[in-house]
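One structure is given here, and the rest of the page talks about it.
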Amino acid sequence: QFLKRFIMSASISEKVIRRLYEITHNYHLGFDAQIEQLLRMGLERFNLDIGILASIHDDIYIVEHCVVPKNIPIRKGVEFTLMNTLCELTYRADGPVALEHIGLHKIHAAHPAYLSGALESYIGIPIKLNGAVYGTLNFSSPRPYERQFLDVDIDALQLMASWIEVEMIRRQ
């Protein structure tokens with residue numbers, strides 16, 4: 001059983017690393033196109049509906065890049081109060097947050113973002129530039145996640161965030 005899980009985990013990690021390499025190697029497409037590809041990769045990897053790279057300024061959450069279904073009114077430039085987003089949890093945790101079914105969680109089921117009825121599952125990580133939180137990379141869905149987030153999922157998220165951080169610093 002352990003060996004089977006290890007092999008599956010290694011295979012998933014290999015696919016993520018290979019796909020991330022393809023995306024980052026396509027620098028000629030430009031940063032915006034690379035971020036869109038990365039968000040799409042995350043949506044496929046996690047089987048979720050909403051992918052966002054956002055910045056946070058003075059408790060305001062600003063969507064910088066997103067891939068969302070057409071029926072969801074989130075676009076680049078949309079702003080939210082940080083406290084009304086699940087990214088507030090990621091910001092406070094200062095690390096990855098993974099919630100498969102928020103409504104079943106004793107504490108997070110009372111969060112304003114959950115109470116608004118918009119999201120049921122979420123995985124996110126802070127994006128840091130020069131030691132300070134710039135924003136978050138996150139993936140979510142209005143439906144519960146069908147399985148438990150695994151360590152390999154967190155690893156994939158951390159790889160994506162690391163590339164974004166390095167690229168954003170390089171671009172500065």
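By convention here, the chains of the structure tokens are called A, B, ... in the order presented, each chain's residues are numbered starting at 1, and ligands are numbered starting at 1 in the order presented.
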### Message
DSSP on the backbone, strand (DSSP E or B) only: what residues of range 3-166 of chain A does that give? Format it as a ChimeraX atom specification.
### Response
/A:50-57,60-67,79-81,97-99,121-129,132-141
### Task
Apply DSSP to the structure's backbone, then extract all residues of range 72-165 of chain A labelled alpha helix (DSSP H) and return them as a PyMOL selection string.
chain A and resi 87-93+112-115+151-165
### Task
Skip range 146-157 of chain A itself and residues of its chain fewer than 4 positions away, then list as a ChimeraX atom specification all residues within 12 Å of it, counting only C-alpha atoms.
/A:5-20,38-39,41-48,51,95-101,120-127,136-139,141,161-164
### Query
Taking only C-alpha atoms into account, which of A:Leu115, A:Met160, A:Ile62, A:Val67 comes nearest Gly103 in chain A?
A:Leu115
#### Entry: Which of A:Val133, A:Ala118, A:Ile50, A:Val166 sits closest to Ala93 in chain A [using only C-alpha atoms]
A:Val133
#### Entry: CA of Lys76 in chain A to CA of Leu29 in chain A, straight-line distance in Å
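The value is 18.9 Å.
Distance-wise, CA of His28 in chain A and CA of Ile169 in chain A end up 17.7 Å apart.
Ranking A:Ile35, A:Leu53, A:Pro144, A:Glu167 by their shortest atom-to-atom distance to His105 in chain A, with only C-alpha atoms included, puts A:Pro144 first.
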